[in-house]
$ cat start_11.cif   # mmCIF, C-alpha atoms and all ligand atoms
data_protein
loop_
_atom_site.label_atom_id
_atom_site.label_comp_id
_atom_site.auth_asym_id
_atom_site.auth_seq_id
_atom_site.Cartn_x
_atom_site.Cartn_y
_atom_site.Cartn_z
CA MET J 1 -56.61 3.23 79.01
CA THR J 2 -54.65 3.21 82.21
CA GLU J 3 -51.41 5.06 82.08
CA GLU J 4 -48.68 4.36 84.52
CA PRO J 5 -47.59 7.48 86.32
CA ALA J 6 -44.12 8.39 85.20
CA GLU J 7 -41.82 9.92 87.75
CA PRO J 8 -44.14 10.18 90.70
CA ARG J 9 -43.37 13.27 92.70
CA VAL J 10 -42.83 11.30 95.84
CA PRO J 11 -40.39 8.40 95.72
CA ALA J 12 -42.28 5.16 96.10
CA GLU J 13 -40.16 3.90 98.96
CA ARG J 14 -41.17 6.91 101.02
CA THR J 15 -44.84 6.30 100.67
CA VAL J 16 -47.13 3.92 102.46
CA PRO J 17 -49.43 1.92 100.24
CA VAL J 18 -53.06 2.23 101.11
CA GLU J 19 -54.68 -1.07 101.85
CA SER J 20 -57.93 -1.71 100.14
CA PRO J 21 -60.28 -1.92 103.09
CA ALA J 22 -63.09 -4.41 103.16
CA PRO J 23 -66.58 -3.03 102.56
CA VAL J 24 -67.77 -1.17 105.60
CA PRO J 25 -70.79 -2.76 107.27
CA ALA J 26 -73.78 -0.56 107.87
CA GLY J 27 -73.50 1.29 111.11
CA PRO J 28 -74.42 4.49 112.84
CA PRO J 29 -73.22 7.69 111.25
CA SER J 30 -71.08 8.31 114.31
CA GLU J 31 -69.04 5.22 113.60
CA PRO J 32 -65.40 6.23 113.42
CA PRO J 33 -63.82 6.23 110.00
CA VAL J 34 -62.14 3.11 108.79
CA ALA J 35 -58.41 3.36 109.28
CA GLY J 36 -56.72 3.95 105.99
CA ARG J 37 -59.82 5.36 104.40
CA SER J 38 -59.09 4.27 100.90
CA ASN J 39 -58.52 6.47 97.94
CA ALA J 40 -58.81 3.72 95.43
CA PRO J 41 -59.74 5.40 92.21
CA ASP J 42 -59.92 4.01 88.76
CA ASN J 43 -60.58 6.66 86.25
CA HIS J 44 -62.55 4.44 83.96
CA ALA J 45 -64.25 2.26 86.47
CA PRO J 46 -68.03 2.16 86.37
CA ALA J 47 -70.69 3.58 88.61
CA ALA J 48 -69.41 4.46 92.04
CA MET J 49 -65.90 5.12 90.83
CA SER J 50 -65.25 8.68 89.84
CA CYS J 51 -63.57 10.03 86.82
CA CYS J 52 -60.45 11.91 87.79
CA ALA J 53 -61.50 11.71 91.40
CA PRO J 54 -60.65 9.18 94.05
CA ALA J 55 -63.44 6.92 95.13
CA ARG J 56 -63.74 4.97 98.29
CA PRO J 57 -65.62 1.80 99.08
CA ALA J 58 -69.28 2.44 99.69
CA VAL J 59 -69.99 3.86 103.09
CA PRO J 60 -73.13 3.22 105.13
CA ALA J 61 -76.03 5.05 103.55
CA ALA J 62 -76.86 7.22 106.50
CA PRO J 63 -79.92 9.41 106.16
CA ALA J 64 -78.81 12.63 104.55
CA PRO J 65 -79.02 15.67 106.77
CA ARG J 66 -81.86 17.78 105.50
CA PRO J 67 -81.07 21.40 104.79
CA GLU J 68 -83.13 23.66 106.99
CA ARG J 69 -83.71 27.25 106.16
CA SER J 70 -81.67 29.02 108.83
CA GLY J 71 -81.56 32.47 107.32
CA ASN J 72 -78.38 33.07 109.29
CA GLY J 73 -75.82 32.29 106.69
CA ASP J 74 -74.43 35.14 104.69
CA HIS J 75 -74.40 33.57 101.25
CA ARG J 76 -72.93 36.20 98.97
CA ILE J 77 -72.67 34.51 95.61
CA GLU J 78 -74.34 36.18 92.63
CA GLN J 79 -77.66 34.54 91.79
CA VAL J 80 -78.95 33.65 88.35
CA ALA J 81 -82.70 33.14 88.09
CA LEU J 82 -83.45 30.49 85.48
CA PRO J 83 -86.87 30.31 83.86
CA GLY J 84 -87.12 26.55 83.73
CA GLY J 85 -88.94 24.73 80.98
CA VAL J 86 -88.39 21.56 79.01
CA PHE J 87 -84.89 20.59 77.94
CA ARG J 88 -83.31 17.50 76.44
CA MET J 89 -81.27 15.75 79.10
CA GLY J 90 -78.51 13.30 78.28
CA ASP J 91 -75.79 12.93 75.70
CA ALA J 92 -76.87 13.67 72.13
CA SER J 93 -73.37 13.89 70.66
CA GLY J 94 -72.26 10.27 70.84
CA ASP J 95 -69.52 11.09 73.30
CA ARG J 96 -71.12 9.27 76.15
CA ASN J 97 -69.21 7.03 78.49
CA PRO J 98 -71.34 3.89 78.18
CA LEU J 99 -71.10 2.82 81.79
CA ASP J 100 -72.11 6.22 83.15
CA GLY J 101 -75.71 6.16 81.98
CA GLU J 102 -75.63 9.38 79.97
CA GLY J 103 -78.61 8.20 77.94
CA PRO J 104 -81.18 7.86 76.73
CA VAL J 105 -81.72 11.48 75.79
CA HIS J 106 -85.07 12.39 77.27
CA ASP J 107 -87.21 15.47 77.77
CA VAL J 108 -87.19 16.86 81.28
CA ARG J 109 -89.33 19.66 82.63
CA ILE J 110 -87.60 21.87 85.17
CA ALA J 111 -89.37 24.35 87.43
CA PRO J 112 -87.84 27.83 87.69
CA PHE J 113 -85.00 28.12 90.18
CA ALA J 114 -82.12 30.41 91.13
CA ILE J 115 -78.57 29.10 91.17
CA ASP J 116 -75.13 30.38 92.09
CA ALA J 117 -73.29 31.95 89.16
CA THR J 118 -70.08 30.35 90.43
CA SER J 119 -69.06 27.52 92.64
CA VAL J 120 -68.64 28.27 96.35
CA THR J 121 -65.25 29.87 96.95
CA ASN J 122 -62.66 29.55 99.68
CA ALA J 123 -63.76 32.98 100.96
CA ASP J 124 -67.36 31.80 101.09
CA TRP J 125 -66.40 28.64 102.93
CA ALA J 126 -64.20 30.59 105.34
CA ALA J 127 -67.19 32.77 106.26
CA PHE J 128 -69.25 29.64 106.95
CA ALA J 129 -66.48 27.94 108.92
CA SER J 130 -65.74 30.95 111.06
CA ALA J 131 -69.44 31.60 111.77
CA THR J 132 -70.20 28.02 112.73
CA GLY J 133 -66.95 26.30 113.65
CA TYR J 134 -67.91 23.55 111.23
CA LEU J 135 -65.19 21.00 110.55
CA THR J 136 -65.15 19.24 107.22
CA GLU J 137 -64.87 15.49 106.94
CA ALA J 138 -61.34 15.93 105.59
CA GLU J 139 -60.51 17.73 108.84
CA THR J 140 -62.18 15.15 111.07
CA TYR J 141 -60.79 12.15 109.18
CA GLY J 142 -57.44 13.89 109.19
CA TYR J 143 -56.65 13.52 105.54
CA SER J 144 -57.94 13.94 102.03
CA ALA J 145 -57.00 13.04 98.47
CA VAL J 146 -54.52 15.18 96.55
CA PHE J 147 -53.33 14.75 92.96
CA HIS J 148 -49.67 13.74 92.98
CA LEU J 149 -48.42 16.86 91.21
CA ALA J 150 -50.23 19.10 93.72
CA VAL J 151 -48.92 17.50 96.91
CA ALA J 152 -47.33 19.92 99.38
CA ALA J 153 -46.60 17.77 102.37
CA ASP J 154 -43.82 16.04 104.22
CA PRO J 155 -43.30 12.49 102.98
CA ALA J 156 -44.43 11.19 106.36
CA ASP J 157 -47.84 12.78 105.76
CA ILE J 158 -48.36 11.02 102.48
CA VAL J 159 -50.36 7.83 102.63
CA GLY J 160 -50.60 6.23 99.25
CA PRO J 161 -50.41 6.21 96.31
CA ALA J 162 -53.71 4.47 95.97
CA ALA J 163 -53.81 1.07 94.35
CA GLY J 164 -55.15 1.33 90.81
CA ALA J 165 -54.75 5.10 90.57
CA PRO J 166 -51.28 5.99 91.68
CA TRP J 167 -51.73 9.64 90.79
CA TRP J 168 -53.86 10.13 93.90
CA PHE J 169 -52.34 10.32 97.36
CA GLY J 170 -54.07 10.40 100.68
CA VAL J 171 -52.39 13.32 102.41
CA ARG J 172 -52.61 13.89 106.16
CA GLY J 173 -53.53 17.47 106.86
CA ALA J 174 -54.93 18.09 103.39
CA ASP J 175 -58.19 19.98 103.76
CA TRP J 176 -59.87 23.08 102.43
CA ARG J 177 -57.34 25.36 104.15
CA HIS J 178 -54.44 23.24 102.87
CA PRO J 179 -55.39 22.08 99.39
CA GLY J 180 -52.04 20.44 98.68
CA GLY J 181 -51.36 19.32 102.25
CA PRO J 182 -49.87 20.91 105.39
CA ARG J 183 -47.25 22.84 103.42
CA SER J 184 -49.87 24.66 101.37
CA GLY J 185 -52.31 27.41 102.22
CA LEU J 186 -54.95 29.67 100.77
CA GLU J 187 -52.82 32.66 99.94
CA GLY J 188 -54.15 34.12 96.71
CA LEU J 189 -56.92 31.54 96.55
CA ASP J 190 -59.85 33.45 98.08
CA ASP J 191 -61.72 33.47 94.79
CA HIS J 192 -60.89 29.88 93.91
CA PRO J 193 -63.46 27.15 94.48
CA VAL J 194 -63.37 25.48 97.87
CA VAL J 195 -62.17 21.88 97.54
CA HIS J 196 -61.77 18.92 99.90
CA VAL J 197 -65.43 19.28 100.82
CA SER J 198 -67.55 16.15 100.84
CA TRP J 199 -71.20 15.92 99.84
CA ASN J 200 -72.04 15.90 103.55
CA ASP J 201 -69.96 19.05 104.03
CA ALA J 202 -71.75 20.74 101.13
CA LEU J 203 -75.08 19.99 102.79
CA ALA J 204 -73.85 21.53 106.03
CA TYR J 205 -73.03 24.72 104.14
CA CYS J 206 -76.47 24.62 102.52
CA ALA J 207 -78.15 24.27 105.91
CA TRP J 208 -76.29 27.32 107.17
CA ALA J 209 -77.03 29.33 104.07
CA GLY J 210 -80.67 28.25 103.81
CA ARG J 211 -80.04 26.72 100.42
CA ARG J 212 -79.72 23.31 98.75
CA LEU J 213 -77.65 21.49 96.17
CA PRO J 214 -78.98 21.41 92.61
CA THR J 215 -80.53 18.19 91.41
CA GLU J 216 -78.58 16.52 88.65
CA ALA J 217 -81.28 17.56 86.16
CA GLU J 218 -81.16 21.17 87.33
CA TRP J 219 -77.39 21.13 87.05
CA GLU J 220 -77.45 19.87 83.46
CA TYR J 221 -80.20 22.28 82.45
CA ALA J 222 -78.18 25.13 83.98
CA SER J 223 -74.90 24.03 82.41
CA ARG J 224 -76.44 23.86 78.94
CA GLY J 225 -77.04 27.58 79.08
CA GLY J 226 -80.05 27.44 76.79
CA ILE J 227 -78.23 25.65 73.94
CA ASP J 228 -79.99 22.42 72.98
CA GLY J 229 -77.96 19.25 72.80
CA ALA J 230 -74.44 20.71 72.80
CA ARG J 231 -71.40 19.01 74.25
CA TYR J 232 -70.21 22.02 76.20
CA PRO J 233 -71.86 25.02 77.86
CA TRP J 234 -70.80 27.20 74.90
CA GLY J 235 -71.46 24.79 72.00
CA ASN J 236 -69.80 21.77 70.41
CA GLU J 237 -66.21 22.92 69.87
CA LEU J 238 -63.77 22.47 72.70
CA MET J 239 -61.39 25.21 71.64
CA ASP J 240 -61.96 28.79 70.60
CA GLY J 241 -59.36 28.70 67.84
CA ASP J 242 -56.20 28.07 69.81
CA ARG J 243 -57.65 29.44 73.02
CA TRP J 244 -58.92 27.33 75.87
CA ARG J 245 -62.41 27.89 77.23
CA VAL J 246 -62.21 25.51 80.15
CA ASN J 247 -59.78 24.51 82.87
CA ILE J 248 -58.84 20.89 82.25
CA PHE J 249 -55.51 19.02 81.99
CA GLN J 250 -53.10 19.44 79.10
CA GLY J 251 -49.98 17.42 78.56
CA ARG J 252 -49.47 13.78 79.40
CA PHE J 253 -51.83 12.56 82.08
CA PRO J 254 -50.99 11.98 84.83
CA ALA J 255 -47.28 12.69 84.72
CA ALA J 256 -46.96 16.15 83.22
CA ASN J 257 -49.43 18.99 83.08
CA THR J 258 -48.40 21.77 80.73
CA ALA J 259 -51.24 23.94 82.09
CA GLU J 260 -51.63 25.44 78.64
CA ASP J 261 -55.01 26.82 79.76
CA GLY J 262 -53.20 28.78 82.46
CA PHE J 263 -54.00 26.59 85.47
CA ALA J 264 -52.37 23.46 86.85
CA THR J 265 -54.97 23.14 89.59
CA THR J 266 -57.94 25.37 90.39
CA ALA J 267 -58.69 28.65 88.63
CA PRO J 268 -60.58 31.62 90.08
CA VAL J 269 -64.29 30.96 89.77
CA ARG J 270 -64.76 33.74 87.22
CA THR J 271 -62.23 32.50 84.71
CA PHE J 272 -62.94 32.05 80.99
CA ALA J 273 -66.45 33.09 79.92
CA PRO J 274 -69.82 32.33 81.48
CA ASN J 275 -72.39 30.34 79.54
CA GLY J 276 -75.57 31.75 78.03
CA PHE J 277 -77.23 31.78 81.44
CA GLY J 278 -74.33 33.66 83.01
CA LEU J 279 -72.92 30.63 84.87
CA TRP J 280 -69.18 30.24 85.17
CA GLN J 281 -67.19 27.02 84.73
CA THR J 282 -69.90 24.47 85.17
CA VAL J 283 -67.57 22.19 83.21
CA GLY J 284 -63.93 22.03 84.17
CA ASN J 285 -62.16 23.56 87.17
CA VAL J 286 -63.83 21.49 89.90
CA TRP J 287 -66.43 18.75 89.99
CA GLU J 288 -69.69 19.90 91.54
CA TRP J 289 -71.80 17.84 93.92
CA CYS J 290 -75.48 17.39 93.10
CA SER J 291 -78.18 16.27 95.50
CA ASP J 292 -79.08 13.00 93.73
CA TRP J 293 -77.99 9.48 94.42
CA PHE J 294 -76.14 8.14 91.38
CA GLU J 295 -77.62 5.31 89.35
CA PRO J 296 -76.52 4.65 85.74
CA GLY J 297 -79.94 3.30 84.74
CA TYR J 298 -81.89 6.20 86.16
CA TYR J 299 -82.71 8.04 82.93
CA ALA J 300 -84.74 5.09 81.68
CA VAL J 301 -87.11 5.34 84.63
CA SER J 302 -86.88 8.94 85.82
CA PRO J 303 -89.97 11.14 86.02
CA ALA J 304 -90.49 13.70 83.29
CA ALA J 305 -90.74 16.65 85.65
CA ASP J 306 -88.10 17.71 88.16
CA PRO J 307 -86.43 14.33 88.65
CA ALA J 308 -84.64 14.20 91.98
CA GLY J 309 -82.71 10.98 91.58
CA PRO J 310 -83.18 7.42 92.79
CA GLU J 311 -84.56 6.70 96.24
CA GLY J 312 -81.27 5.34 97.48
CA GLY J 313 -77.77 4.41 96.52
CA GLN J 314 -74.19 4.42 97.61
CA ALA J 315 -72.74 7.44 95.86
CA ARG J 316 -73.84 10.97 95.13
CA VAL J 317 -73.72 12.59 91.71
CA LEU J 318 -70.78 14.74 90.66
CA ARG J 319 -70.98 16.84 87.51
CA GLY J 320 -68.78 18.84 85.18
CA GLY J 321 -65.29 17.37 85.40
CA SER J 322 -62.27 19.14 86.76
CA TYR J 323 -58.80 20.52 86.14
CA LEU J 324 -57.65 16.91 86.04
CA CYS J 325 -59.78 15.83 83.10
CA HIS J 326 -57.64 15.14 80.06
CA SER J 327 -58.80 15.10 76.48
CA SER J 328 -57.20 11.76 75.67
CA TYR J 329 -58.01 10.08 78.93
CA CYS J 330 -61.26 11.22 80.37
CA ASN J 331 -64.07 12.86 78.50
CA ARG J 332 -66.27 14.01 81.33
CA TYR J 333 -65.93 17.78 81.01
CA ARG J 334 -69.23 17.84 79.11
CA ASN J 335 -72.76 18.94 79.94
CA ALA J 336 -74.08 15.38 79.88
CA ALA J 337 -71.20 13.59 81.58
CA ARG J 338 -71.91 11.96 84.92
CA SER J 339 -69.77 10.78 87.77
CA SER J 340 -70.19 10.09 91.46
CA ASN J 341 -68.50 9.49 94.73
CA THR J 342 -69.44 8.40 98.21
CA PRO J 343 -70.94 11.18 100.35
CA ASP J 344 -67.98 11.38 102.72
CA SER J 345 -65.36 11.46 99.97
CA SER J 346 -63.29 14.58 99.60
CA MET J 347 -60.59 15.50 97.14
CA GLY J 348 -58.69 18.41 95.77
CA ASN J 349 -60.78 18.70 92.63
CA ALA J 350 -64.37 18.73 93.82
CA GLY J 351 -66.56 21.50 95.19
CA PHE J 352 -70.15 22.63 94.69
CA ARG J 353 -72.57 25.41 93.89
CA THR J 354 -75.96 25.92 95.50
CA VAL J 355 -79.58 26.65 94.62
CA ALA J 356 -82.13 28.82 96.41
CA LEU J 357 -84.88 27.07 98.34
CA ALA J 358 -88.22 27.61 96.68
CA CA W 1 -55.66 23.39 83.49
CA CA W 2 -67.12 22.92 87.46
CU CU W 3 -62.17 13.48 84.36
#
$ encode --input "start_11.cif" --output "structure tokens" --more "lines below"
Ligand SMILES: [Ca+2]
Ligand SMILES: [Ca+2]
Ligand SMILES: [Cu+2]
Amino acid sequence: MTEEPAEPRVPAERTVPVESPAPVPAGPPSEPPVAGRSNAPDNHAPAAMSCCAPARPAVPAAPAPRPERSGNGDHRIEQVALPGGVFRMGDASGDRNPLDGEGPVHDVRIAPFAIDATSVTNADWAAFASATGYLTEAETYGYSAVFHLAVAADPADIVGPAAGAPWWFGVRGADWRHPGGPRSGLEGLDDHPVVHVSWNDALAYCAWAGRRLPTEAEWEYASRGGIDGARYPWGNELMDGDRWRVNIFQGRFPAANTAEDGFATTAPVRTFAPNGFGLWQTVGNVWEWCSDWFEPGYYAVSPAADPAGPEGGQARVLRGGSYLCHSSYCNRYRNAARSSNTPDSSMGNAGFRTVALA
């Protein structure tokens, strides 16, 4: 189902359509970004396209920077030590999105590990950025993807809407400090998840903090909170009576968000209730990068112990859905749901949490 956006916030004649760039040939990582870096999402497109998140054409698969233990970074997020063990990975509820490769359900053994209780916040990222001077890819490219209802920018700074997903705009000056664009800031958002960080950016934080991203299997094991086979971190029912337990999108996607759960965009990382492991908002709020390459067929061939993803690919795994997931449109705010995006993609609804090095 593809809904036309009704009443886009920015009049169409004041926006510049994004061309769909040709596939980028392999090149050195230092190659400058393609002009008009596309935000060409299709919510229900397969594989490399992301649910509720703008995807770009595949970028050269540069070797991923390897996190080194620096010991310098002051990573202050509460840690939850998980015992590991065998869990059933994959969708057991029948809700799976067929093209995403949520099955088959299979037993996976996970070694013990310690993970952040919350996603990395704006305050955490600010500490990293001020200690290192690191610039995110959104900052170096000069723009990032913002959901149309969240745009806070002059019309001249809006490039888009993107073909195929007109609810996403490329916004010049949108970055982690300016989540809606140049006219927005971080006031009151210290304890919200950092957004507009790419997979590459997340690895830079990990290198500073002496940490790593979770594998996709670790993420799902953690999100399940010790409950076998459930849709959500708390069980199988979305609602707690008439109360929301997750920050997703209510109303008519993408035109009108009633924010019945209390949040039109991000929520503080400790909103709602943690799961049985004490982890907050694995599903909903923001997508979370995992370390793996994404491959829909991976579960059929993955090792039984500590799978770390395919050897290569074009997009990195994203898990958990976001404040833009809508019950009638996208069903990826579940433990088993999978999505992905290219490693240099950034958008206003994706962040990450980290895991301790062994
Ligand atoms: Ca919401
Ligand atoms: Ca999340
Ligand atoms: Cu979604």
$ atom_distance --input "start_11.cif" --atom1 "CA of Val120 in chain J" --atom2 "CA of Arg270 in chain J"
11.3 Å
$ closest_atom_pairs --input "start_11.cif" --of "chain J" --to "ligand CA 1 (chain W)" --cutoff "9 Å" --atoms "all atoms listed in the file" --output "JSON lines"
{"residue": "J:Val246", "atom": "CA", "partner": "W:CA1", "partner_atom": "CA", "distance": 7.7}
{"residue": "J:Asn247", "atom": "CA", "partner": "W:CA1", "partner_atom": "CA", "distance": 4.3}
{"residue": "J:Ile248", "atom": "CA", "partner": "W:CA1", "partner_atom": "CA", "distance": 4.2}
{"residue": "J:Phe249", "atom": "CA", "partner": "W:CA1", "partner_atom": "CA", "distance": 4.6}
{"residue": "J:Gln250", "atom": "CA", "partner": "W:CA1", "partner_atom": "CA", "distance": 6.4}
{"residue": "J:Asn257", "atom": "CA", "partner": "W:CA1", "partner_atom": "CA", "distance": 7.6}
{"residue": "J:Thr258", "atom": "CA", "partner": "W:CA1", "partner_atom": "CA", "distance": 7.9}
{"residue": "J:Ala259", "atom": "CA", "partner": "W:CA1", "partner_atom": "CA", "distance": 4.7}
{"residue": "J:Glu260", "atom": "CA", "partner": "W:CA1", "partner_atom": "CA", "distance": 6.6}
{"residue": "J:Asp261", "atom": "CA", "partner": "W:CA1", "partner_atom": "CA", "distance": 5.1}
{"residue": "J:Gly262", "atom": "CA", "partner": "W:CA1", "partner_atom": "CA", "distance": 6.0}
{"residue": "J:Phe263", "atom": "CA", "partner": "W:CA1", "partner_atom": "CA", "distance": 4.1}
{"residue": "J:Ala264", "atom": "CA", "partner": "W:CA1", "partner_atom": "CA", "distance": 4.7}
{"residue": "J:Thr265", "atom": "CA", "partner": "W:CA1", "partner_atom": "CA", "distance": 6.1}
{"residue": "J:Thr266", "atom": "CA", "partner": "W:CA1", "partner_atom": "CA", "distance": 7.5}
{"residue": "J:Ala267", "atom": "CA", "partner": "W:CA1", "partner_atom": "CA", "distance": 8.0}
{"residue": "J:Gly284", "atom": "CA", "partner": "W:CA1", "partner_atom": "CA", "distance": 8.4}
{"residue": "J:Asn285", "atom": "CA", "partner": "W:CA1", "partner_atom": "CA", "distance": 7.5}
{"residue": "J:Ser322", "atom": "CA", "partner": "W:CA1", "partner_atom": "CA", "distance": 8.5}
{"residue": "J:Tyr323", "atom": "CA", "partner": "W:CA1", "partner_atom": "CA", "distance": 5.0}
{"residue": "J:Leu324", "atom": "CA", "partner": "W:CA1", "partner_atom": "CA", "distance": 7.2}
{"residue": "J:Cys325", "atom": "CA", "partner": "W:CA1", "partner_atom": "CA", "distance": 8.6}
$ atom_distance --input "start_11.cif" --atom1 "CA of Pro83 in chain J" --atom2 "CA of Asp228 in chain J"
15.1 Å
$ closest_residue --input "start_11.cif" --among "J:Gly241, J:Gly188, J:Gly351, J:Pro233" --to "Trp289 in chain J" --atoms "only C-alpha atoms"
J:Gly351
$ closest_residue --input "start_11.cif" --among "J:Ala222, J:Val194, J:Leu318, J:Ala305" --to "ligand CU 3 (chain W)" --atoms "only C-alpha atoms and all ligand atoms"
J:Leu318
$ residues_near_point --input "start_11.cif" --point "(-61.8, 27.6, 101.0)" --cutoff "6 Å" --atoms "all atoms listed in the file" --output "list in words"
Thr121, Asn122, Ala123, Trp125, Ala126, Trp176, Arg177 and Val194 of chain J
$ residues_near_ligand --input "start_11.cif" --ligand "ligand CU 3 (chain W)" --cutoff "7 Å" --atoms "all atoms listed in the file" --output "VMD selection string"
chain J and resid 51 to 52 321 to 322 324 to 326 330 to 333
$ closest_residue --input "start_11.cif" --among "J:His192, J:Arg353, J:Ala300, J:Val80" --to "Phe113 in chain J" --atoms "all atoms listed in the file"
J:Val80
$ residues_near_ligand --input "start_11.cif" --ligand "ligand CA 2 (chain W)" --cutoff "6 Å" --atoms "all atoms listed in the file" --output "list of chain:residue names"
J:Gln281, J:Thr282, J:Val283, J:Gly284, J:Asn285, J:Val286, J:Trp287, J:Glu288, J:Gly320
$ write_last_selection --input "start_11.cif" --atoms "C-alpha atoms" --output "short mmCIF file (atom, residue, chain, number, x, y, z; two decimals), keeping the file's coordinate frame"
data_model
loop_
_atom_site.label_atom_id
_atom_site.label_comp_id
_atom_site.auth_asym_id
_atom_site.auth_seq_id
_atom_site.Cartn_x
_atom_site.Cartn_y
_atom_site.Cartn_z
CA GLN J 281 -67.19 27.02 84.73
CA THR J 282 -69.90 24.47 85.17
CA VAL J 283 -67.57 22.19 83.21
CA GLY J 284 -63.93 22.03 84.17
CA ASN J 285 -62.16 23.56 87.17
CA VAL J 286 -63.83 21.49 89.90
CA TRP J 287 -66.43 18.75 89.99
CA GLU J 288 -69.69 19.90 91.54
CA GLY J 320 -68.78 18.84 85.18
#
$ residues_near_point --input "start_11.cif" --point "(-63.8, 11.9, 106.4)" --cutoff "9 Å" --atoms "all atoms listed in the file" --output "PyMOL selection string"
chain J and resi 33+37+136-144+198+344-346
$ write_last_selection --input "start_11.cif" --atoms "C-alpha atoms" --output "short mmCIF file (atom, residue, chain, number, x, y, z; two decimals), in the coordinates of the input"
data_model
loop_
_atom_site.label_atom_id
_atom_site.label_comp_id
_atom_site.auth_asym_id
_atom_site.auth_seq_id
_atom_site.Cartn_x
_atom_site.Cartn_y
_atom_site.Cartn_z
CA PRO J 33 -63.82 6.23 110.00
CA ARG J 37 -59.82 5.36 104.40
CA THR J 136 -65.15 19.24 107.22
CA GLU J 137 -64.87 15.49 106.94
CA ALA J 138 -61.34 15.93 105.59
CA GLU J 139 -60.51 17.73 108.84
CA THR J 140 -62.18 15.15 111.07
CA TYR J 141 -60.79 12.15 109.18
CA GLY J 142 -57.44 13.89 109.19
CA TYR J 143 -56.65 13.52 105.54
CA SER J 144 -57.94 13.94 102.03
CA SER J 198 -67.55 16.15 100.84
CA ASP J 344 -67.98 11.38 102.72
CA SER J 345 -65.36 11.46 99.97
CA SER J 346 -63.29 14.58 99.60
#
$ closest_residue --input "start_11.cif" --among "J:Ser327, J:Asn97, J:Asn275, J:Ser291" --to "Thr118 in chain J" --atoms "only C-alpha atoms"
J:Asn275
$ closest_residue --input "start_11.cif" --among "J:Arg212, J:Arg231, J:Arg183, J:Arg224" --to "Asp116 in chain J" --atoms "all atoms listed in the file"
J:Arg212
$ atom_distance --input "start_11.cif" --atom1 "CA of Gly225 in chain J" --atom2 "CA of Asp292 in chain J"
20.8 Å
$ closest_residue --input "start_11.cif" --among "J:Ala209, J:Val195, J:Ala217, J:Leu135" --to "Pro179 in chain J" --atoms "only C-alpha atoms"
J:Val195
$ residues_around --input "start_11.cif" --residues "Trp234 in chain J" --least-positions-apart "6" --cutoff "10 Å" --atoms "only C-alpha atoms" --output "number ranges by chain"
J: 223-227, 240, 245, 273-276, 335
$ residues_around --input "start_11.cif" --residues "Tyr232 in chain J" --least-positions-apart "3" --cutoff "7 Å" --atoms "all atoms listed in the file" --output "list in words"
Gly235, Asn236, Arg334 and Asn335 of chain J
$ write_last_selection --input "start_11.cif" --atoms "C-alpha atoms" --output "mmCIF file, in the coordinates of the input"
data_model
loop_
_atom_site.group_PDB
_atom_site.id
_atom_site.type_symbol
_atom_site.label_atom_id
_atom_site.label_comp_id
_atom_site.auth_asym_id
_atom_site.auth_seq_id
_atom_site.Cartn_x
_atom_site.Cartn_y
_atom_site.Cartn_z
ATOM 1 C CA GLY J 235 -71.460 24.790 72.000
ATOM 2 C CA ASN J 236 -69.800 21.770 70.410
ATOM 3 C CA ARG J 334 -69.230 17.840 79.110
ATOM 4 C CA ASN J 335 -72.760 18.940 79.940
#
$ residues_around --input "start_11.cif" --residues "range 149-153 of chain J" --least-positions-apart "6" --cutoff "12 Å" --atoms "only C-alpha atoms" --output "ChimeraX atom specification"
/J:5-10,15,143,159-161,166-175,178-185,249,253-259,263-266,323-324,347-349
$ axis_aligned_box --input "start_11.cif" --around "range 164-169 of chain J" --padding-each-side "6 Å" --output "lines of an AutoDock Vina configuration file"
center_x = -53.2
center_y = 5.8
center_z = 94.0
size_x = 15.9
size_y = 21.0
size_z = 18.8
